[in-house]
$ cat upload-v4.cif   # mmCIF, C-alpha atoms and all ligand atoms
data_structure
loop_
_atom_site.label_atom_id
_atom_site.label_comp_id
_atom_site.auth_asym_id
_atom_site.auth_seq_id
_atom_site.Cartn_x
_atom_site.Cartn_y
_atom_site.Cartn_z
CA MET A 157 0.00 0.00 0.00
CA SER A 158 1.58 3.32 -1.04
CA SER A 159 -0.25 5.30 1.64
CA ALA A 160 -2.48 4.73 4.62
CA PRO A 161 -5.39 6.95 5.64
CA HIS A 162 -4.71 9.54 8.35
CA THR A 163 -8.24 10.23 9.41
CA VAL A 164 -11.50 8.37 9.86
CA LEU A 165 -14.63 10.48 9.85
CA LEU A 166 -17.15 8.46 11.78
CA ALA A 167 -20.80 9.11 10.96
CA ALA A 168 -23.25 9.27 13.87
CA PRO A 169 -25.91 7.94 14.10
CA ARG A 170 -24.76 4.63 12.60
CA SER A 171 -25.20 0.91 13.20
CA PHE A 172 -28.09 -0.74 15.11
CA CYS A 173 -31.50 0.97 15.14
CA ALA A 174 -34.21 0.41 17.74
CA GLY A 175 -36.10 -2.05 15.51
CA VAL A 176 -33.03 -4.23 14.97
CA GLU A 177 -32.06 -4.16 18.67
CA ARG A 178 -35.59 -5.23 19.57
CA ALA A 179 -35.65 -8.05 17.00
CA VAL A 180 -32.32 -9.47 18.17
CA GLU A 181 -33.42 -9.22 21.82
CA ILE A 182 -36.64 -11.05 20.98
CA VAL A 183 -34.71 -14.04 19.61
CA GLU A 184 -32.36 -13.98 22.61
CA HIS A 185 -35.29 -13.92 25.06
CA ALA A 186 -37.06 -16.68 23.13
CA LEU A 187 -33.95 -18.87 23.32
CA ALA A 188 -33.56 -18.17 27.04
CA GLY A 189 -37.24 -18.73 27.84
CA ARG A 190 -38.19 -21.58 25.53
CA GLY A 191 -34.87 -23.33 24.93
CA ARG A 192 -33.39 -24.37 21.60
CA PRO A 193 -34.26 -24.55 18.87
CA VAL A 194 -36.15 -21.38 18.17
CA TYR A 195 -37.09 -21.10 14.51
CA VAL A 196 -36.85 -17.75 12.75
CA ARG A 197 -38.62 -17.14 9.45
CA LYS A 198 -36.10 -15.43 7.13
CA GLN A 199 -33.07 -13.60 8.46
CA ILE A 200 -34.14 -11.84 11.66
CA VAL A 201 -32.34 -8.75 10.33
CA HIS A 202 -30.30 -8.52 7.15
CA ASN A 203 -26.84 -9.01 8.60
CA ALA A 204 -24.60 -12.05 8.20
CA HIS A 205 -22.85 -11.54 11.58
CA VAL A 206 -26.09 -11.20 13.52
CA VAL A 207 -27.55 -14.31 11.89
CA ALA A 208 -24.40 -16.40 12.44
CA GLY A 209 -24.20 -15.29 16.08
CA LEU A 210 -27.80 -16.32 16.80
CA GLU A 211 -27.35 -19.59 14.92
CA THR A 212 -24.54 -20.63 17.25
CA ARG A 213 -26.89 -19.98 20.18
CA GLY A 214 -29.66 -22.21 18.84
CA ALA A 215 -31.70 -20.15 16.39
CA VAL A 216 -32.67 -22.02 13.22
CA PHE A 217 -33.33 -19.77 10.23
CA VAL A 218 -35.85 -21.04 7.68
CA ASP A 219 -37.20 -19.60 4.47
CA GLU A 220 -40.79 -20.72 4.88
CA LEU A 221 -43.05 -22.02 7.62
CA ASP A 222 -43.33 -25.55 6.16
CA GLU A 223 -39.76 -26.07 7.45
CA VAL A 224 -40.95 -25.47 11.03
CA PRO A 225 -42.27 -28.53 12.96
CA ARG A 226 -45.90 -28.27 14.07
CA GLY A 227 -46.29 -26.56 17.43
CA ALA A 228 -42.72 -25.19 17.48
CA THR A 229 -41.79 -21.59 18.30
CA VAL A 230 -41.19 -19.34 15.31
CA VAL A 231 -40.11 -15.71 15.27
CA PHE A 232 -41.19 -13.44 12.43
CA SER A 233 -38.33 -11.19 11.30
CA ALA A 234 -38.09 -7.40 11.71
CA HIS A 235 -39.21 -6.94 8.09
CA GLY A 236 -42.76 -8.12 8.75
CA VAL A 237 -44.98 -10.72 7.11
CA SER A 238 -48.16 -10.75 5.05
CA PRO A 239 -51.51 -11.83 6.53
CA ALA A 240 -51.20 -15.06 4.50
CA VAL A 241 -48.07 -16.01 6.48
CA ARG A 242 -49.82 -15.28 9.79
CA ALA A 243 -52.76 -17.46 8.69
CA GLU A 244 -50.44 -20.31 7.76
CA ALA A 245 -48.70 -20.11 11.15
CA ALA A 246 -52.08 -20.34 12.87
CA ARG A 247 -53.06 -23.32 10.69
CA ARG A 248 -49.87 -25.14 11.66
CA GLY A 249 -50.37 -24.41 15.36
CA LEU A 250 -47.08 -22.55 15.66
CA ASP A 251 -46.09 -20.56 18.72
CA VAL A 252 -45.51 -17.20 16.99
CA ILE A 253 -43.38 -14.39 18.38
CA ASP A 254 -43.57 -11.34 16.17
CA ALA A 255 -40.35 -9.29 15.83
CA THR A 256 -41.76 -7.03 13.11
CA CYS A 257 -40.41 -3.52 13.69
CA PRO A 258 -43.24 -1.27 14.95
CA LEU A 259 -42.40 1.17 12.15
CA VAL A 260 -43.05 -1.56 9.56
CA THR A 261 -46.29 -2.44 11.36
CA LYS A 262 -47.28 1.22 10.96
CA VAL A 263 -46.98 0.86 7.16
CA HIS A 264 -49.08 -2.33 7.20
CA THR A 265 -51.78 -0.52 9.19
CA GLU A 266 -51.80 2.29 6.64
CA ALA A 267 -52.01 -0.20 3.76
CA ARG A 268 -55.13 -1.75 5.29
CA ARG A 269 -56.68 1.66 6.02
CA PHE A 270 -56.06 3.02 2.50
CA ALA A 271 -57.32 -0.16 0.84
CA THR A 272 -60.43 -0.26 3.05
CA ARG A 273 -61.46 3.21 1.92
CA GLY A 274 -61.28 1.97 -1.68
CA ASP A 275 -57.98 3.51 -2.80
CA THR A 276 -55.42 1.97 -5.09
CA VAL A 277 -52.23 1.90 -3.03
CA LEU A 278 -48.98 2.77 -4.79
CA LEU A 279 -46.19 1.17 -2.76
CA ILE A 280 -42.82 2.77 -3.46
CA GLY A 281 -40.17 0.13 -2.80
CA HIS A 282 -37.92 -2.59 -4.12
CA GLY A 283 -39.57 -5.72 -5.53
CA GLY A 284 -38.57 -8.96 -3.84
CA HIS A 285 -37.57 -7.31 -0.55
CA GLU A 286 -39.24 -9.11 2.37
CA GLU A 287 -40.69 -5.91 3.79
CA VAL A 288 -42.29 -5.07 0.45
CA GLU A 289 -43.69 -8.60 0.08
CA GLY A 290 -45.25 -8.35 3.53
CA THR A 291 -46.80 -4.92 2.90
CA LEU A 292 -48.08 -5.92 -0.55
CA GLY A 293 -49.79 -8.88 1.07
CA GLU A 294 -52.10 -6.63 3.11
CA ALA A 295 -54.17 -5.71 0.05
CA PRO A 296 -52.67 -7.51 -2.95
CA GLU A 297 -55.60 -6.75 -5.26
CA GLN A 298 -55.35 -3.02 -4.64
CA THR A 299 -51.60 -2.45 -4.31
CA LEU A 300 -49.19 -1.64 -7.12
CA LEU A 301 -45.43 -1.58 -6.68
CA VAL A 302 -43.55 1.49 -7.95
CA GLU A 303 -39.80 0.89 -7.97
CA ASP A 304 -38.42 3.94 -9.77
CA VAL A 305 -39.19 7.16 -11.63
CA ALA A 306 -39.90 5.31 -14.89
CA GLN A 307 -42.54 3.19 -13.17
CA ALA A 308 -43.99 6.30 -11.51
CA TRP A 309 -44.57 7.73 -15.00
CA ALA A 310 -45.98 4.44 -16.34
CA VAL A 311 -48.27 3.19 -13.56
CA THR A 312 -52.01 3.28 -14.27
CA VAL A 313 -54.82 3.13 -11.71
CA PRO A 314 -58.54 2.42 -12.08
CA ASP A 315 -59.61 5.75 -10.50
CA PRO A 316 -57.04 8.61 -10.39
CA GLU A 317 -59.08 10.33 -7.67
CA ARG A 318 -58.77 7.37 -5.32
CA VAL A 319 -55.08 6.72 -4.98
CA SER A 320 -52.70 6.68 -2.01
CA TYR A 321 -49.02 5.98 -1.60
CA LEU A 322 -46.83 4.25 0.95
CA THR A 323 -43.11 3.59 1.00
CA GLN A 324 -40.69 0.94 2.17
CA THR A 325 -39.02 2.12 5.40
CA THR A 326 -35.42 1.92 4.16
CA LEU A 327 -35.44 3.88 0.90
CA ALA A 328 -33.15 6.74 -0.10
CA VAL A 329 -34.88 9.97 0.94
CA ASP A 330 -33.76 11.90 -2.18
CA GLU A 331 -34.79 9.20 -4.70
CA THR A 332 -38.14 8.70 -3.02
CA ALA A 333 -38.86 12.43 -3.17
CA GLU A 334 -38.23 12.32 -6.91
CA ILE A 335 -40.58 9.36 -7.42
CA LEU A 336 -43.20 11.02 -5.25
CA GLY A 337 -42.88 14.24 -7.24
CA VAL A 338 -43.80 12.35 -10.42
CA LEU A 339 -46.73 10.59 -8.75
CA ARG A 340 -48.05 13.89 -7.34
CA SER A 341 -47.83 15.53 -10.76
CA ARG A 342 -49.78 12.66 -12.33
CA PHE A 343 -52.30 12.13 -9.52
CA PRO A 344 -53.23 15.50 -7.95
CA PHE A 345 -55.57 13.70 -5.50
CA LEU A 346 -52.78 11.44 -4.25
CA LYS A 347 -53.00 10.91 -0.50
CA GLY A 348 -50.25 9.62 1.78
CA PRO A 349 -49.42 8.68 5.33
CA ALA A 350 -49.61 11.35 8.07
CA SER A 351 -45.89 10.91 8.76
CA ASP A 352 -43.10 9.58 6.56
CA ASP A 353 -42.79 5.83 6.14
CA ILE A 354 -39.04 6.10 5.59
CA CYS A 355 -38.05 5.55 9.20
CA TYR A 356 -36.09 7.80 11.56
CA ALA A 357 -33.10 5.41 11.53
CA THR A 358 -32.85 5.31 7.74
CA THR A 359 -33.15 9.10 7.51
CA ASN A 360 -30.62 9.75 10.27
CA ARG A 361 -28.04 7.35 8.79
CA GLN A 362 -28.38 8.95 5.36
CA ARG A 363 -27.91 12.46 6.80
CA SER A 364 -24.89 11.49 8.91
CA LEU A 365 -23.34 9.66 5.97
CA SER A 366 -23.77 12.69 3.71
CA ALA A 367 -22.06 14.85 6.36
CA VAL A 368 -18.91 12.71 6.34
CA ALA A 369 -18.90 11.72 2.66
CA ALA A 370 -18.54 15.34 1.58
CA ASP A 371 -15.11 15.52 3.27
CA ALA A 372 -13.90 11.99 2.61
CA ASP A 373 -11.81 10.50 -0.21
CA LEU A 374 -13.46 7.12 0.31
CA VAL A 375 -16.58 5.93 2.11
CA LEU A 376 -16.88 2.50 3.73
CA VAL A 377 -20.33 1.29 4.72
CA ILE A 378 -20.48 -1.73 7.02
CA GLY A 379 -23.46 -3.92 6.20
CA SER A 380 -24.54 -7.02 4.31
CA ALA A 381 -25.37 -7.03 0.61
CA ASN A 382 -29.06 -7.82 1.27
CA SER A 383 -29.42 -4.90 3.71
CA SER A 384 -31.53 -2.30 1.90
CA ASN A 385 -30.61 0.64 4.12
CA SER A 386 -26.87 -0.19 3.89
CA VAL A 387 -26.93 -0.44 0.09
CA ARG A 388 -28.73 2.93 -0.05
CA LEU A 389 -25.90 4.50 1.99
CA VAL A 390 -23.33 3.35 -0.58
CA GLU A 391 -25.46 4.71 -3.43
CA ILE A 392 -25.94 8.07 -1.71
CA ALA A 393 -22.18 8.50 -1.18
CA ARG A 394 -21.52 7.63 -4.82
CA ARG A 395 -24.23 9.98 -6.07
CA GLY A 396 -22.48 12.71 -4.07
CA GLY A 397 -19.24 11.95 -5.92
CA THR A 398 -17.32 9.98 -3.26
CA PRO A 399 -16.17 6.43 -4.06
CA ALA A 400 -17.92 4.05 -1.68
CA HIS A 401 -17.92 0.33 -0.86
CA LEU A 402 -20.11 -1.98 1.18
CA ILE A 403 -18.22 -4.38 3.47
CA ASP A 404 -19.51 -7.06 5.81
CA ASP A 405 -16.55 -6.52 8.13
CA ALA A 406 -12.87 -5.51 8.22
CA SER A 407 -11.88 -8.49 6.07
CA GLY A 408 -13.74 -6.92 3.15
CA ILE A 409 -11.39 -3.92 2.87
CA ARG A 410 -9.27 -4.15 -0.28
CA PRO A 411 -5.83 -2.48 -0.05
CA GLU A 412 -6.21 -0.94 -3.52
CA TRP A 413 -9.23 1.06 -2.32
CA LEU A 414 -6.94 2.91 0.11
CA GLU A 415 -4.36 4.00 -2.48
CA GLY A 416 -3.94 7.77 -2.11
CA VAL A 417 -6.80 7.99 0.41
CA ARG A 418 -6.18 10.36 3.36
CA THR A 419 -9.66 10.53 4.84
CA VAL A 420 -12.09 7.61 5.12
CA GLY A 421 -15.76 8.26 5.86
CA LEU A 422 -17.12 5.34 7.89
CA THR A 423 -20.65 4.33 8.76
CA ALA A 424 -22.70 1.18 9.34
CA GLY A 425 -26.20 0.26 8.27
CA ALA A 426 -29.01 -0.17 10.79
CA SER A 427 -28.55 -3.95 10.94
CA ALA A 428 -24.74 -3.94 11.43
CA PRO A 429 -23.43 -4.55 14.97
CA PRO A 430 -21.43 -1.65 16.52
CA ARG A 431 -18.39 -3.86 17.29
CA LEU A 432 -17.73 -4.19 13.55
CA VAL A 433 -17.12 -0.44 13.37
CA GLU A 434 -14.39 -0.70 16.00
CA GLU A 435 -12.82 -3.60 14.12
CA VAL A 436 -12.77 -1.66 10.86
CA VAL A 437 -11.19 1.38 12.54
CA ALA A 438 -8.52 -0.91 14.03
CA ALA A 439 -7.89 -2.51 10.62
CA LEU A 440 -7.32 0.90 9.01
CA GLY A 441 -4.21 1.29 11.19
CA PRO A 442 -3.18 4.19 13.37
CA VAL A 443 -5.68 6.88 12.42
CA THR A 444 -7.24 9.95 13.99
CA VAL A 445 -10.94 9.25 14.53
CA LEU A 446 -13.30 12.19 14.36
CA GLU A 447 -16.97 11.55 14.99
CA ARG A 448 -19.55 13.78 13.32
CA GLU A 449 -22.92 13.56 14.99
CA THR A 450 -25.88 14.94 13.08
CA ALA A 451 -28.64 13.61 15.36
CA THR A 452 -29.15 11.96 18.74
CA GLU A 453 -31.26 8.82 18.87
CA THR A 454 -33.14 7.92 22.02
CA ILE A 455 -35.89 5.72 20.56
CA ARG A 456 -36.45 2.30 22.16
CA PHE A 457 -39.27 -0.12 21.39
CA THR A 458 -40.83 -2.33 24.05
CA LEU A 459 -40.63 -6.10 23.67
CA PRO A 460 -43.80 -8.03 22.78
CA PRO A 461 -45.62 -9.59 25.78
CA ALA A 462 -44.55 -13.11 24.69
CA VAL A 463 -40.94 -12.41 25.68
CA ARG A 464 -41.29 -9.44 28.03
CA PRO A 465 -39.50 -10.14 31.33
CA SER A 466 -42.07 -10.14 34.13
S1 LIG A 501 -34.43 0.40 9.80
FE1 LIG A 501 -36.24 1.50 10.57
S2 LIG A 501 -37.99 0.21 10.00
FE2 LIG A 501 -36.14 -1.06 9.81
S3 LIG A 501 -35.96 -2.07 11.79
FE3 LIG A 501 -34.76 -0.19 11.94
S4 LIG A 501 -36.19 1.34 12.82
FE4 LIG A 501 -37.40 -0.38 12.06
#
$ encode --input "upload-v4.cif" --output "structure tokens" --more "lines below"
Ligand code: SF4
Amino acid sequence: MSSAPHTVLLAAPRSFCAGVERAVEIVEHALAGRGRPVYVRKQIVHNAHVVAGLETRGAVFVDELDEVPRGATVVFSAHGVSPAVRAEAARRGLDVIDATCPLVTKVHTEARRFATRGDTVLLIGHGGHEEVEGTLGEAPEQTLLVEDVAQAWAVTVPDPERVSYLTQTTLAVDETAEILGVLRSRFPFLKGPASDDICYATTNRQRSLSAVAADADLVLVIGSANSSNSVRLVEIARRGGTPAHLIDDASGIRPEWLEGVRTVGLTAGASAPPRLVEEVVAALGPVTVLERETATETIRFTLPPAVRPS
């Protein structure tokens, strides 16, 4: 390596959000209270380290409920599930513990409300993402997915006066505003949620990332490739003109990325454990670490009654 970075600009807030902390705690409490194995439908949160850590403690991750023995305990992931999945769990007599983030539940509630009043619901999000599949499942006949600006221009609805929108919680704020601008111009009667669906944690991590990326030669985002909010952070840095890479941990850093780099902007997605940040800083060598805090987070979510300590 011809040069090593001198400075790490650490974005704050970064790393675990309240919804991820709650989901991980739910699995831990379930393991402690019910014993192993505890089944978890899908990855509890989209992070390889979190999943591997819980696996070693007795969590068994499955793709679908037919892999869970009748009567066993199953945890629904932070991303939420459709009503069809809940119905199947009931049919199979499963002991369900729901780790859906309350901010995802909020979007599901809105989807039901908008559909009940007869609106077509335009769901802005990424197809195939578990959160989007769950939300779509609330009113599949009345919900249309809008993934980008092109689809916002192309989408057609039965009645342009009865149309609402919702968004995935982990989208890029700037891109979503652009998509929404198109939808508003096409559907002047478009109604939306009372407060943003893009959650506080996603918004805060994007703002803090932008604050460090502007002064960095390179941005590193700690997170897994299937983590929507982490991938958005990389895209935002790149759109701002700073080279950026997503890494699962310190082992993902490639020496060639650091050629000529003096200042590294560092953040972590909402599903990435805080210890990985320390490990990456250590791997970058002797550096001056400057933290830039753009918001303070105090939000905590209560555990569901099924695992709440008495
Ligand atoms: S990123 Fe937002 S919606 Fe997702 S778990 Fe965290 S707080 Fe909840």
$ residues_near_ligand --input "upload-v4.cif" --ligand "ligand LIG 501 (chain A)" --cutoff "7 Å" --atoms "all atoms listed in the file" --output "ChimeraX atom specification"
/A:173-176,234-235,257-260,325-326,355-358,385,426
$ residues_around --input "upload-v4.cif" --residues "segment 214-216 of chain A" --least-positions-apart "4" --cutoff "12 Å" --atoms "only C-alpha atoms" --output "PyMOL selection string"
chain A and resi 180+182-188+190-200+206-210+220-221+223-225+228-231
$ write_last_selection --input "upload-v4.cif" --atoms "C-alpha atoms" --output "PDB file, keeping the file's coordinate frame"
ATOM      1  CA  VAL A 180     -32.320  -9.470  18.170  1.00  0.00           C
ATOM      2  CA  ILE A 182     -36.640 -11.050  20.980  1.00  0.00           C
ATOM      3  CA  VAL A 183     -34.710 -14.040  19.610  1.00  0.00           C
ATOM      4  CA  GLU A 184     -32.360 -13.980  22.610  1.00  0.00           C
ATOM      5  CA  HIS A 185     -35.290 -13.920  25.060  1.00  0.00           C
ATOM      6  CA  ALA A 186     -37.060 -16.680  23.130  1.00  0.00           C
ATOM      7  CA  LEU A 187     -33.950 -18.870  23.320  1.00  0.00           C
ATOM      8  CA  ALA A 188     -33.560 -18.170  27.040  1.00  0.00           C
ATOM      9  CA  ARG A 190     -38.190 -21.580  25.530  1.00  0.00           C
ATOM     10  CA  GLY A 191     -34.870 -23.330  24.930  1.00  0.00           C
ATOM     11  CA  ARG A 192     -33.390 -24.370  21.600  1.00  0.00           C
ATOM     12  CA  PRO A 193     -34.260 -24.550  18.870  1.00  0.00           C
ATOM     13  CA  VAL A 194     -36.150 -21.380  18.170  1.00  0.00           C
ATOM     14  CA  TYR A 195     -37.090 -21.100  14.510  1.00  0.00           C
ATOM     15  CA  VAL A 196     -36.850 -17.750  12.750  1.00  0.00           C
ATOM     16  CA  ARG A 197     -38.620 -17.140   9.450  1.00  0.00           C
ATOM     17  CA  LYS A 198     -36.100 -15.430   7.130  1.00  0.00           C
ATOM     18  CA  GLN A 199     -33.070 -13.600   8.460  1.00  0.00           C
ATOM     19  CA  ILE A 200     -34.140 -11.840  11.660  1.00  0.00           C
ATOM     20  CA  VAL A 206     -26.090 -11.200  13.520  1.00  0.00           C
ATOM     21  CA  VAL A 207     -27.550 -14.310  11.890  1.00  0.00           C
ATOM     22  CA  ALA A 208     -24.400 -16.400  12.440  1.00  0.00           C
ATOM     23  CA  GLY A 209     -24.200 -15.290  16.080  1.00  0.00           C
ATOM     24  CA  LEU A 210     -27.800 -16.320  16.800  1.00  0.00           C
ATOM     25  CA  GLU A 220     -40.790 -20.720   4.880  1.00  0.00           C
ATOM     26  CA  LEU A 221     -43.050 -22.020   7.620  1.00  0.00           C
ATOM     27  CA  GLU A 223     -39.760 -26.070   7.450  1.00  0.00           C
ATOM     28  CA  VAL A 224     -40.950 -25.470  11.030  1.00  0.00           C
ATOM     29  CA  PRO A 225     -42.270 -28.530  12.960  1.00  0.00           C
ATOM     30  CA  ALA A 228     -42.720 -25.190  17.480  1.00  0.00           C
ATOM     31  CA  THR A 229     -41.790 -21.590  18.300  1.00  0.00           C
ATOM     32  CA  VAL A 230     -41.190 -19.340  15.310  1.00  0.00           C
ATOM     33  CA  VAL A 231     -40.110 -15.710  15.270  1.00  0.00           C
TER      34      VAL A 231
END
$ closest_residue --input "upload-v4.cif" --among "A:Val445, A:Ile455, A:Val390, A:Leu278" --to "Gly425 of chain A" --atoms "only C-alpha atoms"
A:Val390
$ closest_atom_pairs --input "upload-v4.cif" --of "segment 272-389 of chain A" --to "segment 402-424 of chain A" --cutoff "6 Å" --atoms "all atoms listed in the file" --output "Markdown table"
| residue | atom | partner | partner_atom | distance |
| --- | --- | --- | --- | --- |
| A:Val368 | CA | A:Gly421 | CA | 5.5 |
| A:Ala369 | CA | A:Gly421 | CA | 5.7 |
| A:Ala372 | CA | A:Thr419 | CA | 5.0 |
| A:Asp373 | CA | A:Thr419 | CA | 5.5 |
| A:Leu374 | CA | A:Val420 | CA | 5.0 |
| A:Val375 | CA | A:Gly421 | CA | 4.5 |
| A:Leu376 | CA | A:Leu422 | CA | 5.0 |
| A:Val377 | CA | A:Leu402 | CA | 4.8 |
| A:Ile378 | CA | A:Ala424 | CA | 4.3 |
| A:Gly379 | CA | A:Asp404 | CA | 5.1 |
| A:Ser380 | CA | A:Asp404 | CA | 5.2 |
$ closest_residue --input "upload-v4.cif" --among "A:Leu432, A:Ala243, A:Leu365, A:Val329" --to "Glu447 of chain A" --atoms "all atoms listed in the file"
A:Leu365
$ residues_around --input "upload-v4.cif" --residues "Leu279 of chain A" --least-positions-apart "2" --cutoff "12 Å" --atoms "only C-alpha atoms" --output "PyMOL selection string"
chain A and resi 263-264+266-267+270-271+276-277+281-283+287-296+298-304+307-308+311+319-325+327+332+335-336+339+348-349+353
$ closest_residue --input "upload-v4.cif" --among "A:Thr444, A:Thr265, A:Ser364, A:Asn203" --to "Ser384 of chain A" --atoms "all atoms listed in the file"
A:Asn203
$ closest_residue --input "upload-v4.cif" --among "A:Lys262, A:Val218, A:Arg394, A:Leu250" --to "Ala350 of chain A" --atoms "all atoms listed in the file"
A:Lys262
$ atom_distance --input "upload-v4.cif" --atom1 "atom CA of Glu391 of chain A" --atom2 "atom CA of Glu435 of chain A"
23.2 Å
$ closest_residue --input "upload-v4.cif" --among "A:Val463, A:Ile354, A:Val237, A:Ile253" --to "Glu331 of chain A" --atoms "all atoms listed in the file"
A:Ile354
